[in-house]
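Here's protein-v3.cif, which has mmCIF, C-alpha atoms, pLDDT in the B column; chains and numbers go by the auth columns:
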data_final
loop_
_atom_site.group_PDB
_atom_site.id
_atom_site.type_symbol
_atom_site.label_atom_id
_atom_site.label_comp_id
_atom_site.label_asym_id
_atom_site.label_seq_id
_atom_site.Cartn_x
_atom_site.Cartn_y
_atom_site.Cartn_z
_atom_site.B_iso_or_equiv
_atom_site.auth_seq_id
_atom_site.auth_asym_id
ATOM 1 C CA MET A 1 -19.422 17.009 -27.080 66.00 21 G
ATOM 2 C CA SER A 2 -19.232 17.613 -23.352 86.00 22 G
ATOM 3 C CA GLU A 3 -21.244 14.449 -22.755 89.00 23 G
ATOM 4 C CA LEU A 4 -18.841 12.466 -24.890 92.00 24 G
ATOM 5 C CA LEU A 5 -15.860 13.849 -22.970 93.00 25 G
ATOM 6 C CA VAL A 6 -17.485 13.080 -19.621 92.00 26 G
ATOM 7 C CA SER A 7 -18.294 9.514 -20.686 94.00 27 G
ATOM 8 C CA PHE A 8 -14.776 8.968 -21.999 94.00 28 G
ATOM 9 C CA LEU A 9 -13.150 10.208 -18.783 94.00 29 G
ATOM 10 C CA LEU A 10 -15.534 8.145 -16.634 94.00 30 G
ATOM 11 C CA ILE A 11 -14.868 4.917 -18.494 95.00 31 G
ATOM 12 C CA LEU A 12 -11.118 5.575 -18.555 95.00 32 G
ATOM 13 C CA GLY A 13 -11.059 6.174 -14.792 95.00 33 G
ATOM 14 C CA ALA A 14 -13.119 3.072 -14.088 95.00 34 G
ATOM 15 C CA ALA A 15 -10.830 1.029 -16.353 95.00 35 G
ATOM 16 C CA PHE A 16 -7.791 2.206 -14.368 95.00 36 G
ATOM 17 C CA MET A 17 -9.536 1.211 -11.144 95.00 37 G
ATOM 18 C CA VAL A 18 -10.330 -2.245 -12.531 95.00 38 G
ATOM 19 C CA LEU A 19 -6.671 -2.569 -13.534 94.00 39 G
ATOM 20 C CA ALA A 20 -5.567 -1.592 -10.028 94.00 40 G
ATOM 21 C CA SER A 21 -7.870 -4.145 -8.436 94.00 41 G
ATOM 22 C CA ILE A 22 -6.756 -6.903 -10.804 94.00 42 G
ATOM 23 C CA GLY A 23 -3.189 -6.006 -9.875 93.00 43 G
ATOM 24 C CA VAL A 24 -3.871 -6.121 -6.153 92.00 44 G
ATOM 25 C CA LEU A 25 -5.557 -9.472 -6.587 92.00 45 G
ATOM 26 C CA ARG A 26 -3.038 -11.142 -8.872 92.00 46 G
ATOM 27 C CA LEU A 27 0.411 -9.812 -7.987 90.00 47 G
ATOM 28 C CA PRO A 28 2.551 -11.870 -5.613 89.00 48 G
ATOM 29 C CA ASP A 29 3.827 -9.667 -2.759 88.00 49 G
ATOM 30 C CA LEU A 30 3.325 -6.357 -0.965 89.00 50 G
ATOM 31 C CA PRO A 31 5.565 -3.991 -3.003 89.00 51 G
ATOM 32 C CA THR A 32 4.190 -5.178 -6.339 90.00 52 G
ATOM 33 C CA ARG A 33 0.626 -4.871 -5.056 91.00 53 G
ATOM 34 C CA MET A 34 1.347 -1.336 -3.898 91.00 54 G
ATOM 35 C CA HIS A 35 2.877 -0.648 -7.280 90.00 55 G
ATOM 36 C CA ALA A 36 -0.501 -1.510 -8.811 89.00 56 G
ATOM 37 C CA THR A 37 -2.814 0.283 -6.382 90.00 57 G
ATOM 38 C CA THR A 38 -1.081 3.547 -5.574 90.00 58 G
ATOM 39 C CA LYS A 39 -0.653 4.719 -9.145 91.00 59 G
ATOM 40 C CA ALA A 40 -3.594 3.235 -11.029 92.00 60 G
ATOM 41 C CA GLY A 41 -6.123 3.653 -8.221 91.00 61 G
ATOM 42 C CA ALA A 42 -5.216 7.288 -7.599 91.00 62 G
ATOM 43 C CA LEU A 43 -5.267 8.006 -11.342 93.00 63 G
ATOM 44 C CA GLY A 44 -8.740 6.430 -11.612 93.00 64 G
ATOM 45 C CA ALA A 45 -10.121 8.606 -8.832 92.00 65 G
ATOM 46 C CA MET A 46 -8.511 11.677 -10.397 92.00 66 G
ATOM 47 C CA LEU A 47 -10.029 10.949 -13.820 94.00 67 G
ATOM 48 C CA ILE A 48 -13.501 10.456 -12.354 94.00 68 G
ATOM 49 C CA MET A 49 -13.193 13.763 -10.477 93.00 69 G
ATOM 50 C CA ALA A 50 -12.077 15.458 -13.696 93.00 70 G
ATOM 51 C CA SER A 51 -15.146 14.095 -15.462 94.00 71 G
ATOM 52 C CA ALA A 52 -17.332 15.458 -12.645 93.00 72 G
ATOM 53 C CA ALA A 53 -15.701 18.872 -13.089 92.00 73 G
ATOM 54 C CA PHE A 54 -16.402 18.793 -16.837 92.00 74 G
ATOM 55 C CA HIS A 55 -19.974 17.583 -16.323 92.00 75 G
ATOM 56 C CA PHE A 56 -21.080 20.335 -13.959 91.00 76 G
ATOM 57 C CA GLY A 57 -19.252 23.067 -15.823 88.00 77 G
ATOM 58 C CA ASP A 58 -19.371 25.382 -12.823 88.00 78 G
ATOM 59 C CA SER A 59 -16.324 27.111 -11.433 91.00 79 G
ATOM 60 C CA THR A 60 -17.067 26.358 -7.777 92.00 80 G
ATOM 61 C CA VAL A 61 -17.682 22.673 -8.491 91.00 81 G
ATOM 62 C CA ALA A 62 -14.564 22.559 -10.626 92.00 82 G
ATOM 63 C CA ALA A 63 -12.579 24.128 -7.788 92.00 83 G
ATOM 64 C CA ARG A 64 -13.859 21.444 -5.433 91.00 84 G
ATOM 65 C CA ALA A 65 -12.982 18.682 -7.894 91.00 85 G
ATOM 66 C CA ILE A 66 -9.503 20.148 -8.375 92.00 86 G
ATOM 67 C CA ALA A 67 -9.116 20.256 -4.591 91.00 87 G
ATOM 68 C CA ILE A 68 -9.927 16.531 -4.426 91.00 88 G
ATOM 69 C CA VAL A 69 -7.444 15.802 -7.209 92.00 89 G
ATOM 70 C CA VAL A 70 -4.686 17.808 -5.519 93.00 90 G
ATOM 71 C CA PHE A 71 -5.433 16.123 -2.203 92.00 91 G
ATOM 72 C CA ILE A 72 -5.216 12.633 -3.706 91.00 92 G
ATOM 73 C CA PHE A 73 -2.073 13.654 -5.582 91.00 93 G
ATOM 74 C CA LEU A 74 -0.441 14.778 -2.334 92.00 94 G
ATOM 75 C CA THR A 75 -1.585 12.039 0.030 92.00 95 G
ATOM 76 C CA ALA A 76 -1.455 8.843 -2.049 90.00 96 G
ATOM 77 C CA PRO A 77 2.381 8.742 -2.290 91.00 97 G
ATOM 78 C CA ILE A 78 2.766 9.561 1.420 93.00 98 G
ATOM 79 C CA ALA A 79 0.378 6.801 2.473 91.00 99 G
ATOM 80 C CA ALA A 80 2.051 4.316 0.132 91.00 100 G
ATOM 81 C CA HIS A 81 5.500 5.230 1.434 92.00 101 G
ATOM 82 C CA VAL A 82 4.452 4.862 5.065 92.00 102 G
ATOM 83 C CA ILE A 83 2.733 1.511 4.530 91.00 103 G
ATOM 84 C CA GLY A 84 5.591 0.150 2.457 89.00 104 G
ATOM 85 C CA ARG A 85 8.129 1.219 5.075 88.00 105 G
ATOM 86 C CA ALA A 86 6.108 -0.396 7.862 88.00 106 G
ATOM 87 C CA GLY A 87 5.645 -3.576 5.879 87.00 107 G
ATOM 88 C CA TYR A 88 9.326 -3.782 5.010 85.00 108 G
ATOM 89 C CA PHE A 89 10.471 -3.319 8.611 83.00 109 G
ATOM 90 C CA THR A 90 8.056 -5.876 9.998 82.00 110 G
ATOM 91 C CA GLY A 91 9.590 -8.429 7.677 76.00 111 G
ATOM 92 C CA ILE A 92 7.094 -9.278 5.001 79.00 112 G
ATOM 93 C CA GLU A 93 8.347 -11.958 2.698 78.00 113 G
ATOM 94 C CA LEU A 94 9.123 -10.866 -0.833 80.00 114 G
ATOM 95 C CA TRP A 95 8.242 -12.844 -3.917 81.00 115 G
ATOM 96 C CA GLU A 96 10.633 -15.753 -4.496 81.00 116 G
ATOM 97 C CA GLY A 97 11.474 -14.381 -7.947 79.00 117 G
ATOM 98 C CA THR A 98 12.797 -11.110 -6.503 80.00 118 G
ATOM 99 C CA VAL A 99 16.092 -10.360 -8.198 80.00 119 G
ATOM 100 C CA LYS A 100 17.661 -7.784 -5.889 78.00 120 G
ATOM 101 C CA ASP A 101 17.022 -6.384 -2.434 78.00 121 G
ATOM 102 C CA GLU A 102 19.901 -4.018 -1.796 76.00 122 G
ATOM 103 C CA LEU A 103 18.376 -2.483 1.307 76.00 123 G
ATOM 104 C CA ARG A 104 18.326 -5.822 3.141 76.00 124 G
ATOM 105 C CA GLU A 105 22.102 -6.167 3.320 75.00 125 G
ATOM 106 C CA ARG A 106 22.917 -2.483 3.846 77.00 126 G
ATOM 107 C CA TYR A 107 20.266 -1.335 6.275 76.00 127 G
ATOM 108 C CA ASP A 108 20.197 -1.915 10.017 75.00 128 G
ATOM 109 C CA THR A 109 16.514 -2.215 10.840 69.00 129 G
ATOM 110 C CA HIS A 110 17.067 -1.793 14.582 72.00 130 G
ATOM 111 C CA LEU A 111 19.334 1.258 14.523 73.00 131 G
ATOM 112 C CA HIS A 112 17.793 2.648 11.304 74.00 132 G
ATOM 113 C CA THR A 113 21.204 3.425 9.839 78.00 133 G
ATOM 114 C CA LEU A 114 22.261 2.928 6.258 78.00 134 G
ATOM 115 C CA GLU A 115 25.685 1.750 5.151 78.00 135 G
ATOM 116 C CA SER A 116 27.072 3.122 1.947 75.00 136 G
ATOM 117 C CA GLY A 117 29.278 0.120 1.257 71.00 137 G
ATOM 118 C CA LEU A 118 32.412 2.288 1.130 74.00 138 G
ATOM 119 C CA GLU A 119 33.324 2.155 4.839 71.00 139 G
ATOM 120 C CA ASN A 120 35.990 -0.539 4.445 68.00 140 G
ATOM 121 C CA GLN A 121 37.387 0.593 1.152 69.00 141 G
ATOM 122 C CA ASP A 122 40.727 2.022 2.320 64.00 142 G
ATOM 123 C CA LYS A 123 41.583 -1.028 4.428 56.00 143 G
ATOM 124 C CA PRO A 124 43.957 -3.639 3.126 57.00 144 G
ATOM 125 C CA ASP A 125 41.574 -6.557 3.620 54.00 145 G
ATOM 126 C CA GLY A 126 38.347 -4.594 3.307 49.00 146 G
ATOM 127 C CA SER A 127 36.166 -7.653 3.511 52.00 147 G
ATOM 128 C CA SER A 128 34.372 -7.624 6.826 51.00 148 G
ATOM 129 C CA LYS A 129 31.394 -5.342 6.737 51.00 149 G
ATOM 130 C CA GLU A 130 30.297 -5.790 10.338 52.00 150 G
ATOM 131 C CA SER A 131 33.707 -5.035 11.924 48.00 151 G
ATOM 132 C CA ASP A 132 33.457 -1.249 12.111 51.00 152 G
ATOM 133 C CA ARG A 133 29.927 -0.240 11.474 53.00 153 G
ATOM 134 C CA ILE A 134 29.309 3.470 11.938 54.00 154 G
ATOM 135 C CA ASP A 135 26.803 3.855 14.702 53.00 155 G
ATOM 136 C CA SER A 136 24.805 7.029 14.786 50.00 156 G
ATOM 137 C CA MET B 1 -25.242 8.106 -23.986 82.00 8 X
ATOM 138 C CA LEU B 2 -24.195 9.343 -20.575 87.00 9 X
ATOM 139 C CA SER B 3 -26.652 7.113 -18.692 90.00 10 X
ATOM 140 C CA VAL B 4 -25.401 4.030 -20.522 93.00 11 X
ATOM 141 C CA SER B 5 -21.791 4.844 -19.741 93.00 12 X
ATOM 142 C CA ILE B 6 -22.698 5.577 -16.115 94.00 13 X
ATOM 143 C CA ASN B 7 -24.196 2.098 -15.843 94.00 14 X
ATOM 144 C CA VAL B 8 -21.080 0.590 -17.418 94.00 15 X
ATOM 145 C CA VAL B 9 -18.896 2.525 -14.971 95.00 16 X
ATOM 146 C CA TYR B 10 -20.987 1.317 -12.031 95.00 17 X
ATOM 147 C CA PHE B 11 -20.485 -2.254 -13.201 95.00 18 X
ATOM 148 C CA MET B 12 -16.716 -1.799 -13.598 95.00 19 X
ATOM 149 C CA LEU B 13 -16.345 -0.160 -10.194 95.00 20 X
ATOM 150 C CA SER B 14 -18.333 -2.970 -8.587 96.00 21 X
ATOM 151 C CA LEU B 15 -16.024 -5.488 -10.225 95.00 22 X
ATOM 152 C CA ALA B 16 -12.994 -3.588 -8.903 95.00 23 X
ATOM 153 C CA LEU B 17 -14.567 -3.486 -5.446 95.00 24 X
ATOM 154 C CA LEU B 18 -15.114 -7.252 -5.562 95.00 25 X
ATOM 155 C CA PHE B 19 -11.475 -7.920 -6.493 94.00 26 X
ATOM 156 C CA ALA B 20 -10.160 -5.611 -3.778 94.00 27 X
ATOM 157 C CA PHE B 21 -12.482 -7.251 -1.247 95.00 28 X
ATOM 158 C CA ILE B 22 -11.142 -10.687 -2.153 94.00 29 X
ATOM 159 C CA ARG B 23 -7.624 -9.404 -1.441 93.00 30 X
ATOM 160 C CA LEU B 24 -8.856 -7.824 1.790 93.00 31 X
ATOM 161 C CA THR B 25 -10.208 -11.107 3.095 94.00 32 X
ATOM 162 C CA ARG B 26 -7.384 -13.271 1.777 89.00 33 X
ATOM 163 C CA GLY B 27 -4.347 -11.025 2.274 77.00 34 X
ATOM 164 C CA PRO B 28 -1.633 -12.905 4.124 84.00 35 X
ATOM 165 C CA SER B 29 -0.313 -10.006 6.248 86.00 36 X
ATOM 166 C CA LEU B 30 -1.736 -6.834 7.733 88.00 37 X
ATOM 167 C CA PRO B 31 -0.013 -4.401 5.291 89.00 38 X
ATOM 168 C CA ASP B 32 -1.640 -6.272 2.379 90.00 39 X
ATOM 169 C CA ARG B 33 -5.010 -5.678 3.967 92.00 40 X
ATOM 170 C CA VAL B 34 -4.200 -1.996 4.516 91.00 41 X
ATOM 171 C CA VAL B 35 -3.299 -1.651 0.840 92.00 42 X
ATOM 172 C CA ALA B 36 -6.583 -3.327 -0.139 93.00 43 X
ATOM 173 C CA LEU B 37 -8.492 -0.973 2.192 92.00 44 X
ATOM 174 C CA GLU B 38 -6.817 2.026 0.609 92.00 45 X
ATOM 175 C CA LEU B 39 -7.821 0.816 -2.837 93.00 46 X
ATOM 176 C CA ILE B 40 -11.388 0.254 -1.603 94.00 47 X
ATOM 177 C CA THR B 41 -11.674 3.817 -0.307 93.00 48 X
ATOM 178 C CA SER B 42 -10.274 5.111 -3.596 93.00 49 X
ATOM 179 C CA ILE B 43 -12.963 3.123 -5.438 94.00 50 X
ATOM 180 C CA VAL B 44 -15.620 4.535 -3.091 94.00 51 X
ATOM 181 C CA VAL B 45 -14.408 8.068 -3.934 93.00 52 X
ATOM 182 C CA GLY B 46 -14.970 7.105 -7.562 93.00 53 X
ATOM 183 C CA TYR B 47 -18.476 5.831 -6.725 94.00 54 X
ATOM 184 C CA VAL B 48 -19.336 9.128 -5.054 94.00 55 X
ATOM 185 C CA GLY B 49 -18.116 11.070 -8.072 93.00 56 X
ATOM 186 C CA VAL B 50 -20.176 8.951 -10.462 94.00 57 X
ATOM 187 C CA HIS B 51 -23.214 9.295 -8.227 94.00 58 X
ATOM 188 C CA ALA B 52 -22.760 13.072 -8.153 94.00 59 X
ATOM 189 C CA ILE B 53 -22.725 13.087 -11.958 93.00 60 X
ATOM 190 C CA GLU B 54 -25.796 10.823 -12.152 93.00 61 X
ATOM 191 C CA THR B 55 -27.973 12.738 -9.705 94.00 62 X
ATOM 192 C CA GLY B 56 -26.632 16.216 -10.481 91.00 63 X
ATOM 193 C CA VAL B 57 -26.010 16.988 -6.803 91.00 64 X
ATOM 194 C CA ALA B 58 -22.675 18.768 -6.678 89.00 65 X
ATOM 195 C CA SER B 59 -22.559 18.716 -2.875 91.00 66 X
ATOM 196 C CA LEU B 60 -21.680 15.024 -2.985 92.00 67 X
ATOM 197 C CA LEU B 61 -18.136 16.029 -3.912 92.00 68 X
ATOM 198 C CA ASP B 62 -17.682 17.221 -0.319 92.00 69 X
ATOM 199 C CA VAL B 63 -18.403 13.657 0.745 93.00 70 X
ATOM 200 C CA ALA B 64 -15.617 12.525 -1.570 92.00 71 X
ATOM 201 C CA ILE B 65 -13.209 14.982 0.086 92.00 72 X
ATOM 202 C CA VAL B 66 -14.078 13.641 3.531 93.00 73 X
ATOM 203 C CA ILE B 67 -13.697 10.013 2.414 93.00 74 X
ATOM 204 C CA ALA B 68 -10.274 10.717 0.908 92.00 75 X
ATOM 205 C CA LEU B 69 -9.145 12.498 4.095 92.00 76 X
ATOM 206 C CA THR B 70 -10.364 9.624 6.285 93.00 77 X
ATOM 207 C CA ALA B 71 -8.575 7.091 4.085 91.00 78 X
ATOM 208 C CA PHE B 72 -5.295 8.988 4.380 92.00 79 X
ATOM 209 C CA LEU B 73 -5.538 9.243 8.164 94.00 80 X
ATOM 210 C CA ALA B 74 -6.451 5.562 8.430 92.00 81 X
ATOM 211 C CA ALA B 75 -3.451 4.586 6.325 91.00 82 X
ATOM 212 C CA ILE B 76 -1.094 6.656 8.496 92.00 83 X
ATOM 213 C CA GLY B 77 -2.582 5.192 11.671 92.00 84 X
ATOM 214 C CA PHE B 78 -2.357 1.624 10.437 90.00 85 X
ATOM 215 C CA ALA B 79 1.237 2.138 9.352 89.00 86 X
ATOM 216 C CA ARG B 80 2.248 3.482 12.757 89.00 87 X
ATOM 217 C CA PHE B 81 0.440 0.588 14.401 89.00 88 X
ATOM 218 C CA VAL B 82 2.268 -1.942 12.252 86.00 89 X
ATOM 219 C CA GLU B 83 5.666 -0.328 12.681 82.00 90 X
ATOM 220 C CA ARG B 84 5.398 -0.046 16.457 81.00 91 X
ATOM 221 C CA GLY B 85 4.873 -3.783 16.557 71.00 92 X
ATOM 222 C CA GLY B 86 1.169 -4.401 16.777 60.00 93 X
ATOM 223 C CA VAL B 87 0.153 -7.740 15.341 53.00 94 X
ATOM 224 C CA LYS B 88 3.048 -10.011 14.482 53.00 95 X
ATOM 225 C CA ASP B 89 2.057 -11.965 11.419 49.00 96 X
ATOM 226 C CA GLU B 90 5.396 -13.578 10.843 49.00 97 X
#
This entry written out as structure tokens:
Amino acid sequence: MSELLVSFLLILGAAFMVLASIGVLRLPDLPTRMHATTKAGALGAMLIMASAAFHFGDSTVAARAIAIVVFIFLTAPIAAHVIGRAGYFTGIELWEGTVKDELRERYDTHLHTLESGLENQDKPDGSSKESDRIDS
Amino acid sequence: MLSVSINVVYFMLSLALLFAFIRLTRGPSLPDRVVALELITSIVVGYVGVHAIETGVASLLDVAIVIALTAFLAAIGFARFVERGGVKDE
């Protein structure tokens, strides 16, 4: 029973890792590739650590495996956020089928300020967005 | 039962490592390569876990902790390097 559970968790984790690597190989640009790796890759590592915890059946080993899982769970989103932010600001090119990039027209990448789009709303013309940008 | 599935898992992880390595060598910009490196270290953490199960040495899980920590620090360092304007790929 325990052996069956360990085998199931191992194969499930390895399948998620294969999915993540197929995604990072096949998808067209940086955000979609990160979409594949950060979730599926971290979940694969977590499932393999869970299978190790079930296989040893010892409380100290299980505590170590849970520590690895918690660590991956905390650090994988931070690393993905930091890399995605750096890649976006250095001007990676998005896939040509990208439908919407709202940050590109609202965000000043030199001043790191964000416009809400409501700055010119009470003006009669209200068309020019660059006329009175709020500088921080 | 368990040994067969461990061999299958080794094969699948090797396949995943091959795909991530292709992206690492071919990736057009530096952040793509950093993402591929992060996936590779995650796969190596999986390898260490499977090897700990196969050999029955529970101390190998400490190695997995250290590899995960190193991968996180490397990702942060690479991101700061890219954002401060290191290598201009464009």
- request: With the file shown as input, list the residues that the PyMOL selection byres ((chain G and resi 43-57) around 8) selects, as a PyMOL selection string.
  value: (chain G and resi 39-42+58-62+100+104+107+112-115) or (chain X and resi 26-27+29-30+38-39+42-43+46)
- prompt: So which one's closest to chain X, G:Asp78, G:Glu116, G:Glu122, G:Glu135? Using all atoms listed in the file, please.
  reply: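 Smallest distance to chain X is found for G:Asp78.
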message: Could you tell me how far atom CA of X:Gly53 sits from atom CA of X:Ser12, in Å to one decimal place?
response: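 If I compute the distance from atom CA of X:Ser12 to atom CA of X:Gly53, I get 14.1 Å.
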- request: Find, counting only C-alpha atoms, the residue in G:Leu67, G:Ile103, G:Leu94, G:Ile86 that gets nearest to chain X.
  value: G:Ile103
message: What's the separation between atom CA of X:Ile60 and atom CA of G:Ala83, in Å to one decimal place?
response: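 Taking atom CA of X:Ile60 and atom CA of G:Ala83, their separation equals 15.6 Å.
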Please produce stretch 14-33 of chain X, completed to N, CA and C atoms, as a compact mmCIF listing (two decimals), keeping the file's coordinate frame.
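Just written: out-v7.txt:
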# COMPACT_ATOMS: atom_id res chain seq x y z
N ASN X 14 -23.93 3.47 -16.28
CA ASN X 14 -24.20 2.10 -15.84
C ASN X 14 -22.99 1.20 -16.04
N VAL X 15 -22.29 1.39 -17.16
CA VAL X 15 -21.08 0.59 -17.42
C VAL X 15 -20.04 0.87 -16.34
N VAL X 16 -19.89 2.16 -15.98
CA VAL X 16 -18.90 2.52 -14.97
C VAL X 16 -19.27 1.97 -13.61
N TYR X 17 -20.57 1.95 -13.28
CA TYR X 17 -20.99 1.32 -12.03
C TYR X 17 -20.61 -0.16 -12.01
N PHE X 18 -20.83 -0.83 -13.14
CA PHE X 18 -20.48 -2.25 -13.20
C PHE X 18 -18.98 -2.46 -13.02
N MET X 19 -18.17 -1.62 -13.70
CA MET X 19 -16.72 -1.80 -13.60
C MET X 19 -16.22 -1.50 -12.18
N LEU X 20 -16.78 -0.47 -11.56
CA LEU X 20 -16.34 -0.16 -10.19
C LEU X 20 -16.76 -1.26 -9.22
N SER X 21 -17.92 -1.86 -9.46
CA SER X 21 -18.33 -2.97 -8.59
C SER X 21 -17.40 -4.16 -8.74
N LEU X 22 -16.99 -4.40 -9.98
CA LEU X 22 -16.02 -5.49 -10.22
C LEU X 22 -14.70 -5.21 -9.49
N ALA X 23 -14.24 -3.96 -9.58
CA ALA X 23 -12.99 -3.59 -8.90
C ALA X 23 -13.14 -3.73 -7.39
N LEU X 24 -14.33 -3.36 -6.88
CA LEU X 24 -14.57 -3.49 -5.45
C LEU X 24 -14.56 -4.95 -5.02
N LEU X 25 -15.11 -5.81 -5.87
CA LEU X 25 -15.11 -7.25 -5.56
C LEU X 25 -13.69 -7.79 -5.50
N PHE X 26 -12.86 -7.43 -6.48
CA PHE X 26 -11.48 -7.92 -6.49
C PHE X 26 -10.70 -7.43 -5.26
N ALA X 27 -10.87 -6.15 -4.94
CA ALA X 27 -10.16 -5.61 -3.78
C ALA X 27 -10.66 -6.26 -2.50
N PHE X 28 -11.95 -6.61 -2.45
CA PHE X 28 -12.48 -7.25 -1.25
C PHE X 28 -11.94 -8.67 -1.10
N ILE X 29 -11.75 -9.35 -2.23
CA ILE X 29 -11.14 -10.69 -2.15
C ILE X 29 -9.74 -10.59 -1.56
N ARG X 30 -8.96 -9.57 -2.00
CA ARG X 30 -7.62 -9.40 -1.44
C ARG X 30 -7.69 -9.01 0.03
N LEU X 31 -8.71 -8.23 0.39
CA LEU X 31 -8.86 -7.82 1.79
C LEU X 31 -9.12 -9.02 2.69
N THR X 32 -9.93 -9.95 2.25
CA THR X 32 -10.21 -11.11 3.10
C THR X 32 -9.08 -12.12 3.05
N ARG X 33 -8.34 -12.19 1.94
CA ARG X 33 -7.38 -13.27 1.78
C ARG X 33 -5.95 -12.86 2.07
